[in-house]
file run_30.cif (mmCIF, C-alpha atoms)
data_run
#
loop_
_atom_site.group_PDB
_atom_site.id
_atom_site.type_symbol
_atom_site.label_atom_id
_atom_site.label_comp_id
_atom_site.auth_asym_id
_atom_site.auth_seq_id
_atom_site.Cartn_x
_atom_site.Cartn_y
_atom_site.Cartn_z
ATOM 1 C CA MET A 1 10.285 7.974 -0.271
ATOM 2 C CA SER A 2 9.385 6.611 3.131
ATOM 3 C CA ALA A 3 8.126 8.780 5.980
ATOM 4 C CA LYS A 4 11.185 7.730 8.007
ATOM 5 C CA ALA A 5 13.609 8.994 5.320
ATOM 6 C CA LYS A 6 11.745 12.311 5.160
ATOM 7 C CA SER A 7 11.836 12.645 8.949
ATOM 8 C CA ASN A 8 15.636 12.227 8.901
ATOM 9 C CA ARG A 9 16.033 15.371 6.774
ATOM 10 C CA LYS A 10 17.436 18.383 8.556
ATOM 11 C CA GLN A 11 15.853 20.865 6.148
ATOM 12 C CA ASP A 12 12.717 21.033 4.032
ATOM 13 C CA ARG A 13 13.130 20.775 0.286
ATOM 14 C CA ILE A 14 11.655 23.365 -2.034
ATOM 15 C CA ARG A 15 10.708 22.122 -5.489
ATOM 16 C CA ALA A 16 12.398 24.431 -7.980
ATOM 17 C CA VAL A 17 13.552 24.054 -11.553
ATOM 18 C CA LEU A 18 16.305 26.601 -12.103
ATOM 19 C CA PRO A 19 18.964 26.497 -14.826
ATOM 20 C CA VAL A 20 22.536 26.185 -13.567
ATOM 21 C CA ARG A 21 25.993 25.624 -15.001
ATOM 22 C CA VAL A 22 28.012 22.807 -13.392
ATOM 23 C CA ARG A 23 31.812 22.424 -13.495
ATOM 24 C CA GLY A 24 33.870 19.555 -12.185
ATOM 25 C CA THR A 25 35.839 16.423 -12.920
ATOM 26 C CA ASP A 26 33.885 13.251 -13.700
ATOM 27 C CA ALA A 27 34.524 9.678 -12.537
ATOM 28 C CA SER A 28 36.845 9.104 -15.536
ATOM 29 C CA GLY A 29 39.006 12.102 -14.652
ATOM 30 C CA ASN A 30 37.660 14.331 -17.447
ATOM 31 C CA VAL A 31 37.042 17.992 -16.704
ATOM 32 C CA PHE A 32 33.553 19.116 -17.752
ATOM 33 C CA GLU A 33 31.247 22.092 -17.813
ATOM 34 C CA LEU A 34 27.568 21.651 -18.646
ATOM 35 C CA LEU A 35 24.133 23.180 -18.373
ATOM 36 C CA ALA A 36 21.829 21.376 -15.945
ATOM 37 C CA HIS A 37 18.863 22.257 -13.739
ATOM 38 C CA THR A 38 17.825 22.042 -10.136
ATOM 39 C CA LEU A 39 14.960 19.752 -9.154
ATOM 40 C CA ASP A 40 14.681 20.823 -5.548
ATOM 41 C CA LEU A 41 16.612 23.027 -3.143
ATOM 42 C CA THR A 42 17.451 23.447 0.520
ATOM 43 C CA PRO A 43 19.352 26.357 2.066
ATOM 44 C CA THR A 44 22.512 24.201 1.988
ATOM 45 C CA GLY A 45 22.015 21.815 -0.904
ATOM 46 C CA ALA A 46 20.259 20.801 -4.082
ATOM 47 C CA ARG A 47 19.207 17.929 -6.265
ATOM 48 C CA LEU A 48 20.285 18.414 -9.886
ATOM 49 C CA GLY A 49 19.061 16.756 -13.061
ATOM 50 C CA ALA A 50 20.376 16.579 -16.644
ATOM 51 C CA ILE A 51 23.880 15.635 -15.494
ATOM 52 C CA ARG A 52 25.581 13.986 -18.486
ATOM 53 C CA HIS A 53 28.742 12.856 -16.683
ATOM 54 C CA GLU A 54 29.170 10.102 -14.139
ATOM 55 C CA LEU A 55 30.137 11.457 -10.734
ATOM 56 C CA LYS A 56 30.931 9.747 -7.445
ATOM 57 C CA PRO A 57 29.986 10.616 -3.871
ATOM 58 C CA GLN A 58 32.575 12.953 -2.341
ATOM 59 C CA ASP A 59 33.386 14.582 -5.727
ATOM 60 C CA ILE A 60 33.497 18.380 -5.649
ATOM 61 C CA VAL A 61 31.562 20.408 -8.221
ATOM 62 C CA THR A 62 31.114 24.133 -8.729
ATOM 63 C CA VAL A 63 27.601 25.342 -9.501
ATOM 64 C CA LEU A 64 27.192 28.704 -11.196
ATOM 65 C CA PHE A 65 23.838 30.337 -10.564
ATOM 66 C CA ARG A 66 23.223 33.944 -11.484
ATOM 67 C CA LYS A 67 26.485 35.641 -10.522
ATOM 68 C CA ARG A 68 27.397 33.159 -7.803
ATOM 69 C CA ARG A 69 29.919 30.312 -7.821
ATOM 70 C CA ILE A 70 29.113 27.804 -5.119
ATOM 71 C CA GLU A 71 31.174 24.713 -4.280
ATOM 72 C CA PHE A 72 29.288 21.546 -3.423
ATOM 73 C CA ILE A 73 30.189 18.015 -2.448
ATOM 74 C CA VAL A 74 28.335 15.195 -4.218
ATOM 75 C CA MET A 75 26.425 13.206 -1.593
ATOM 76 C CA TRP A 76 24.737 10.688 -3.906
ATOM 77 C CA THR A 77 24.173 9.921 -7.578
ATOM 78 C CA LYS A 78 21.374 8.149 -9.427
ATOM 79 C CA GLN A 79 21.690 6.920 -12.998
ATOM 80 C CA LEU A 80 18.446 7.445 -14.922
ATOM 81 C CA ALA A 81 19.590 6.416 -18.424
ATOM 82 C CA ALA A 82 22.822 5.515 -20.196
ATOM 83 C CA ASN A 83 24.088 9.093 -20.105
ATOM 84 C CA GLU A 84 21.787 10.854 -17.630
ATOM 85 C CA HIS A 85 22.185 11.225 -13.885
ATOM 86 C CA GLN A 86 20.688 13.041 -10.938
ATOM 87 C CA ILE A 87 22.970 14.135 -8.124
ATOM 88 C CA GLY A 88 22.420 15.228 -4.553
ATOM 89 C CA LEU A 89 24.662 18.059 -3.390
ATOM 90 C CA ARG A 90 25.659 19.627 -0.070
ATOM 91 C CA MET A 91 27.220 23.076 0.026
ATOM 92 C CA GLN A 92 30.874 23.202 1.102
ATOM 93 C CA GLY A 93 31.000 26.771 2.427
ATOM 94 C CA GLN A 94 28.843 28.965 4.594
ATOM 95 C CA GLU A 95 27.207 31.053 1.869
ATOM 96 C CA SER A 96 24.050 32.702 3.074
ATOM 97 C CA ASP A 97 20.997 31.932 0.917
ATOM 98 C CA PRO A 98 22.842 30.737 -2.225
ATOM 99 C CA TRP A 99 19.609 30.327 -4.191
ATOM 100 C CA GLY A 100 18.104 33.700 -3.307
ATOM 101 C CA LEU A 101 15.245 32.151 -1.369
ATOM 102 C CA SER A 102 13.801 33.731 1.743
ATOM 103 C CA ALA A 103 15.031 31.821 4.777
ATOM 104 C CA GLY A 104 11.801 32.296 6.690
ATOM 105 C CA HIS A 105 9.489 30.207 4.523
ATOM 106 C CA THR A 106 7.194 27.720 6.184
ATOM 107 C CA GLY A 107 5.792 24.589 4.632
ATOM 108 C CA PRO A 108 6.275 23.175 1.141
ATOM 109 C CA ARG A 109 6.827 25.621 -1.644
ATOM 110 C CA THR A 110 7.378 25.500 -5.371
ATOM 111 C CA VAL A 111 9.599 27.979 -7.187
ATOM 112 C CA ARG A 112 9.013 28.602 -10.854
ATOM 113 C CA ALA A 113 11.577 30.429 -12.951
ATOM 114 C CA ALA A 114 10.031 31.591 -16.207
ATOM 115 C CA SER A 115 12.917 33.856 -17.156
ATOM 116 C CA ALA A 116 15.652 32.225 -15.105
ATOM 117 C CA ILE A 117 17.621 30.856 -18.077
ATOM 118 C CA SER A 118 19.182 34.229 -18.809
ATOM 119 C CA ALA A 119 19.917 34.710 -15.104
ATOM 120 C CA ALA A 120 21.689 31.370 -14.643
ATOM 121 C CA VAL A 121 24.674 31.756 -16.892
#
call {"tool": "encode", "arguments": {"input": "run_30.cif", "output": "structure tokens"}}
result
Amino acid sequence: MSAKAKSNRKQDRIRAVLPVRVRGTDASGNVFELLAHTLDLTPTGARLGAIRHELKPQDIVTVLFRKRRIEFIVMWTKQLAANEHQIGLRMQGQESDPWGLSAGHTGPRTVRAASAISAAV
């Protein structure tokens, strides 16, 4: 990614691989629910991997993480293989700290979730 694209970001990304459940309607109109994972997070968004359905920008998905249900709008999609996508999400509501991260962090950070699988679903 170019330095200019990074400078246009409003928030720093935190690299974090956390298991999540994603619900929505795909580009073909089929309702789905699947297990996926975050790749990086911001206080108001996320990049998800292991998405096995084609989505379009402006689609709405619900992400379940721990005991939270958070609605997001799909901002972008990237096809990695025939049936694998990454998606960029922006939170719809005003939920405070949806990922359980401290808001006062400074600089790049990596979150590791060794036992997060049981906490995600």
call {"tool": "resolve_selection", "arguments": {"input": "run_30.cif", "expression": "the PyMOL selection byres ((chain A and resi 17) around 7)", "output": "list in words"}}
result
Arg15, Ala16, Leu18, Pro19, His37, Thr38, Leu39, Asp40, Arg112 and Ala113 of chain A
call {"tool": "closest_residue", "arguments": {"input": "run_30.cif", "among": "A:Leu41, A:Leu48, A:Ile60, A:Ile87", "to": "Thr25 (chain A)", "atoms": "all atoms listed in the file"}}
result
A:Ile60
call {"tool": "closest_residue", "arguments": {"input": "run_30.cif", "among": "A:Glu54, A:Glu33, A:Asp26, A:Asp12", "to": "His85 (chain A)", "atoms": "only C-alpha atoms"}}
result
A:Glu54
call {"tool": "atom_distance", "arguments": {"input": "run_30.cif", "atom1": "CA of Asp97 (chain A)", "atom2": "CA of Glu84 (chain A)"}}
result
28.1 Å
call {"tool": "residues_near_point", "arguments": {"input": "run_30.cif", "point": "(23.8, 17.3, -14.4)", "cutoff": "12 Å", "atoms": "only C-alpha atoms", "output": "ChimeraX atom specification"}}
result
/A:19-24,26,32-39,46-55,61-63,74,77-80,83-89
call {"tool": "closest_residue", "arguments": {"input": "run_30.cif", "among": "A:Met91, A:Val31, A:Ser96, A:Ile73", "to": "Gly45 (chain A)", "atoms": "only C-alpha atoms"}}
result
A:Met91
call {"tool": "closest_residue", "arguments": {"input": "run_30.cif", "among": "A:Gly93, A:Thr42, A:Pro98, A:Gly29", "to": "Lys67 (chain A)", "atoms": "all atoms listed in the file"}}
result
A:Pro98
call {"tool": "closest_residue", "arguments": {"input": "run_30.cif", "among": "A:Ile14, A:Lys56, A:Ile70, A:Thr44", "to": "Ala27 (chain A)", "atoms": "only C-alpha atoms"}}
result
A:Lys56
call {"tool": "atom_distance", "arguments": {"input": "run_30.cif", "atom1": "CA of Phe72 (chain A)", "atom2": "CA of Arg90 (chain A)"}}
result
5.3 Å
